[in-house]
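Trainee: First the structure, then my questions, so here it is.
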2 protein chains.
Amino acid sequence: MKLVKPSLAKGTRDFSSLEVHKRNYIFNVLKDVFRKYGYTEIQTPSFENLQTLTGKYGEEGDRLIFKILKSGDYLRKADSVLLEAKESGKLTHQISDKALRYDLTIPFARYVVMNRGTITMPFKRFQIQPVWRADRPQRGRYREFYQCDVDVVGTDSLIMEAEFVLIYVEALKRLGLKDFNVKLNNRKILAGIAETIDESDRLVDMTVAIDKLDKIGFVGVSKELLDRGFIQEKIDQIQSFLEFKGDYQDKLSFLEEKFTSSAIGSKGVEEVRSVFDYLNTMLQENKDDLKYVDFDVTLARGLDYYTGCIFEVKTNEVKMGSIGGGGRYDNLTGVFGWKDVTGVGVSFGADRIYDVLEELNLFPEDKSIGAVVLLSNFDQESERMSLKVAQKLRGRGVSVEVYPKHDKMKKQLNYANSKQIPFVVFTSEQDIKENNKFLVRNMITGEQDYLTIEEFLHRQ
Amino acid sequence: MKLVKPSLAKGTRDFSSLEVHKRNYIFNVLKDVFRKYGYTEIQTPSFENLQTLTGKYGEEGDRLIFKILKSGDYLRKADSVLLEAKESGKLTHQISDKALRYDLTIPFARYVVMNRGTITMPFKRFQIQPVWRADRPQRGRYREFYQCDVDVVGTDSLIMEAEFVLIYVEALKRLGLKDFNVKLNNRKILAGIAETIDESDRLVDMTVAIDKLDKIGFVGVSKELLDRGFIQEKIDQIQSFLEFKGDYQDKLSFLEEKFTSSAIGSKGVEEVRSVFDYLNTMLQENKDDLKYVDFDVTLARGLDYYTGCIFEVKTNEVKMGSIGGGGRYDNLTGVFGWKDVTGVGVSFGADRIYDVLEELNLFPEDKSIGAVVLLSNFDQESERMSLKVAQKLRGRGVSVEVYPKHDKMKKQLNYANSKQIPFVVFTSEQDIKENNKFLVRNMITGEQDYLTIEEFLHRQ
């Protein structure tokens, strides 16, 4: 066999035991919160038929989808003219019919349509699985990463929007974050602004420009709007919308007045007000949590498919892009032939949350993620006694390793230290026979004690 | 956007919430047992550089690896002559440089070599991740399926072999299986048989034939051996080895006598005896568990890389192929440039175990995998009260759904029934104000009771 220098594929990562442990900690907190709101987990395959994915993510997205080569003699039926002309783009569909999952939304839509006969609407699901994108890897951007999506489809109830705000608040608080904002806006309010300034036709241009406010400030946005053909008067009007200060009630009243002749704008205001009404009712005993919620008219998000409330979450404790986002869409499944299925969902950026918890030192300290006890092994007798004690401890649920061969004390203690095993046990036939005890060394304090199993379990 | 008929890629599956729940039940039992023996979880990427995988699984394996097409203009640098000749095989490496994980062993070997500076040997890991094979799908065989592997590398201690037997026994017992065999043999014993009958050169032929004993009986094996050039006298000798009856001690004594002039055979006997000695010591308080362990000289398994003890697990309660297997290898990492790393590991066939548990009805009965309570919603007042009660219940860890709109009683009860939500709660301002109670309907018995939250939590 040819010798191969071991390497990782570009943009991918191994996860050590400690990393898996920490990632599972995040996933488990999220899952627990999702479940409390009645969401259950589904999983879809890692690859889909190519036609299920292409055309759903724009031209850029289509390029970034990883395509899987057909098996066998994949060139046999390929068009010779295209081959000779090296027409990569046109040939792809002839030599590939499958592709790796690019996000969790399209597979979810496919799942809903394929299972419409058996699922109960409103259908609530969460999904935590890797996705793959052929992006150029850079710090914090990988070609394989996990998405954590939670969605409900089949209801237009704004209770769902309010619940998603609370899901964000509870999950992030439980992960230990203290200063974060769940930003809330509504696409209809953006449409109302465009309508009010008589620029409905340029809603997309306006939204794209506003979306950059965070990065380039209003001076930048203003320039962008000019470039996109807005006259100064309109830009000033937009600015008056975006810069209005006040609490959510002030902002809603302000918009309400401005939108007297915009039905869609008024609808947006009404929806946001309902969400806050629900939040006030639900947070009656936790009023303080309202401080995390921020009605932000400047929040725009991607334009593609959101139609109602939109969300975005930012932490203020660490310099970091958004750690979550989502919104309501009106036509998730249309492309698979089931029209007018409305839904709303949010997603958590697990990799970014991981980095935030790491930077703030918020991962819980676990004594050990591997064995808690190393049974020592010096000779046949101690090996035999150690094997017996090991089984007794395992029978009580303790994670135990037996040192695999007769060896010097020092090597065994070093092994325990380097694997961060907190206790080393020394067994002797005499100790066990006479008083059913063994010697336990605490590897952190260096203390040693003769203990029975019960005493050890109690002490641990 | 073009309308697409939704479909799954061939050989792949969606998993519903119930299926995910049941699969996680199996994975969690396995993980818990692995952890008790000091194994911790690692994860490797879904795709590897193509050169990491090719040449490791034989010609057939190479064909079954899913290759990923390069991004961008992948044909630009491809050899025009090969393209025009439609040489699929030779072109693959020019248009693909990545491939989906085919098993967990090679990625593990790569991981060990790439992390040799930081991991502590013996290194114990488990890994539960999907793998992909371009096999023709058929009943029970998928193109995406999970493998559950647990391995230790860096020690030749036979304690590890004994522990793997106990890992199988404990895991399968905990999953509810009652009648199964963990078959144990040693490749050196097969080598000893070949040596004893003076056919060492044809060890592979002999092993391949013996491997089929289960399927074709000794008559079939005998014919196969004849076809492979063994003379009848040798076949009779082989038969005497395979058909010897007795307990493990009888078998070991029998082989010991036969192997007086085969050093490798004697070594195999000695190793198996050591494993049983360890098992006897470890099972001192659970002697009965020894009944699951079966020293089976006819067990052969794939020849490729096992060099010592080999394992295979069968259930006798359901007609089903092996549900697990493994063994010791002497050179896991050689192909990545680190020689003579010995190790031993086993794997669990999660899909088959799932089918076995399903057939024997062994999955634990959970009241509900989704919400436990549906809060009803008839009008503004009941909605408001329901939202408040929902948050109180969630605050106590209960999984709760609020019915998302004002609706008729019957529709709400139907919703609860079809989602198997066991309790529906009816709230009224009066009940809550007066005595802090709400009406709870048990959807299984139909009983209704006025309860406080505490009473409900207690009752549930």
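Ordering of the structure tokens sets the chain letters (A, B, ...); residue numbers start at 1 within each chain; ligands are numbered from 1 in the order shown.
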Taking a cut-off of 10 Å and counting only C-alpha atoms, can you build a table that, for each residue of region 280-356 of chain B near region 192-213 of chain B, reports the nearest atom pair and how far apart they are in Å (one decimal), sorted by chain then residue number, as JSON lines?

Mentor:
```
{"residue": "B:Val297", "atom": "CA", "partner": "B:Ile210", "partner_atom": "CA", "distance": 9.5}
{"residue": "B:Thr298", "atom": "CA", "partner": "B:Ile210", "partner_atom": "CA", "distance": 6.3}
{"residue": "B:Leu299", "atom": "CA", "partner": "B:Asp211", "partner_atom": "CA", "distance": 6.6}
{"residue": "B:Ala300", "atom": "CA", "partner": "B:Asp211", "partner_atom": "CA", "distance": 5.0}
{"residue": "B:Arg301", "atom": "CA", "partner": "B:Asp211", "partner_atom": "CA", "distance": 6.2}
{"residue": "B:Gly302", "atom": "CA", "partner": "B:Val208", "partner_atom": "CA", "distance": 7.9}
{"residue": "B:Leu303", "atom": "CA", "partner": "B:Val204", "partner_atom": "CA", "distance": 7.3}
{"residue": "B:Asp304", "atom": "CA", "partner": "B:Val204", "partner_atom": "CA", "distance": 9.7}
```

Trainee: Using only C-alpha atoms, which residues sit within 8 Å of region 84-93 of chain A once same-chain residues fewer than 6 positions away are excluded, as a VMD selection string?

Mentor: (chain A and resid 50 78) or (chain B and resid 72 to 76 80 83 to 84)

Trainee: I'd like the contact shell of Ser399 (chain A) - 6 Å cut-off, only C-alpha atoms, skipping same-chain residues fewer than 6 positions apart - returned as a count of residues only.

Mentor: 6

Trainee: Pick out the residues sitting within 12 Å of His458 (chain A), and hand them over as a list in words; count only C-alpha atoms, and ignore anything fewer than 4 positions along from it in its own chain.

Mentor: Arg396, Val398, Leu451, Thr452, Ile453 and Glu454 of chain A

Trainee: Kindly export the residues of the current selection with N, CA, C and O atoms, as a short mmCIF file (atom, residue, chain, number, x, y, z; two decimals), in the first residue's frame.

Mentor:
```
data_model
loop_
_atom_site.label_atom_id
_atom_site.label_comp_id
_atom_site.auth_asym_id
_atom_site.auth_seq_id
_atom_site.Cartn_x
_atom_site.Cartn_y
_atom_site.Cartn_z
N ARG A 396 -21.59 0.04 39.52
CA ARG A 396 -22.22 1.18 40.18
C ARG A 396 -22.22 2.42 39.29
O ARG A 396 -22.48 3.52 39.75
N VAL A 398 -19.64 3.80 37.61
CA VAL A 398 -18.43 4.61 37.56
C VAL A 398 -17.62 4.26 36.31
O VAL A 398 -17.52 3.09 35.93
N LEU A 451 -10.60 3.28 51.57
CA LEU A 451 -12.06 3.46 51.47
C LEU A 451 -12.74 2.16 51.02
O LEU A 451 -12.15 1.39 50.26
N THR A 452 -13.97 1.98 51.48
CA THR A 452 -14.81 0.94 50.87
C THR A 452 -15.42 1.54 49.60
O THR A 452 -15.34 2.76 49.39
N ILE A 453 -16.05 0.69 48.80
CA ILE A 453 -16.68 1.21 47.59
C ILE A 453 -17.73 2.25 47.94
O ILE A 453 -17.81 3.32 47.33
N GLU A 454 -18.54 1.95 48.97
CA GLU A 454 -19.59 2.88 49.37
C GLU A 454 -18.99 4.23 49.77
O GLU A 454 -19.48 5.28 49.37
#
```

Trainee: I'd like the neighbourhood of Tyr142 (chain A) as a JSON list (two decimals) with C-alpha atoms, in the first residue's frame, where a residue qualifies if any of its atoms comes within 9 Å (using only C-alpha atoms), though same-chain residues fewer than 4 positions away should be ignored.

Mentor:
```json
[["chain", "number", "residue", "atom", "x", "y", "z"],
["A", 10, "LYS", "CA", -9.44, 21.59, 3.39],
["A", 11, "GLY", "CA", -11.93, 23.37, 5.61],
["A", 12, "THR", "CA", -12.76, 20.34, 7.76],
["A", 13, "ARG", "CA", -11.97, 19.59, 11.38],
["A", 132, "TRP", "CA", -21.40, 21.42, 3.67],
["A", 133, "ARG", "CA", -20.41, 24.40, 1.55],
["A", 134, "ALA", "CA", -17.52, 24.74, -0.89],
["A", 135, "ASP", "CA", -16.65, 28.16, 0.50],
["A", 136, "ARG", "CA", -13.09, 29.36, 0.73],
["A", 137, "PRO", "CA", -12.16, 28.39, 4.32],
["A", 138, "GLN", "CA", -11.09, 31.16, 6.66]]
```

Trainee: Which residues come within 7 Å of Asn185 (chain B), counting only C-alpha atoms, excluding same-chain residues fewer than 2 positions away, as an NGL selection string?

Mentor: :B and (183 or 187 or 295-297 or 299 or 309-311)

Trainee: Residues near Glu383 (chain A), anyone? I mean within 9 Å using only C-alpha atoms, not counting same-chain ones fewer than 2 positions away, as a list in words.

Mentor: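 Listing them by chain and then by number gives Leu375, Ser376, Asn377, Phe378, Asp379, Gln380, Glu381, Met385, Ser386, Leu387, Lys388, Val402, Tyr403, Pro404, Lys405, His406 and Thr427 of chain A.
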
Trainee: DSSP on the backbone: what in region 330-384 of chain A comes out helix (DSSP H, G or I), as a list in words?

Mentor: Gly334, Val335, Phe336, Ala350, Asp351, Arg352, Ile353, Tyr354, Asp355, Val356, Leu357, Glu358, Glu359, Gln380, Glu381, Ser382, Glu383 and Arg384 of chain A
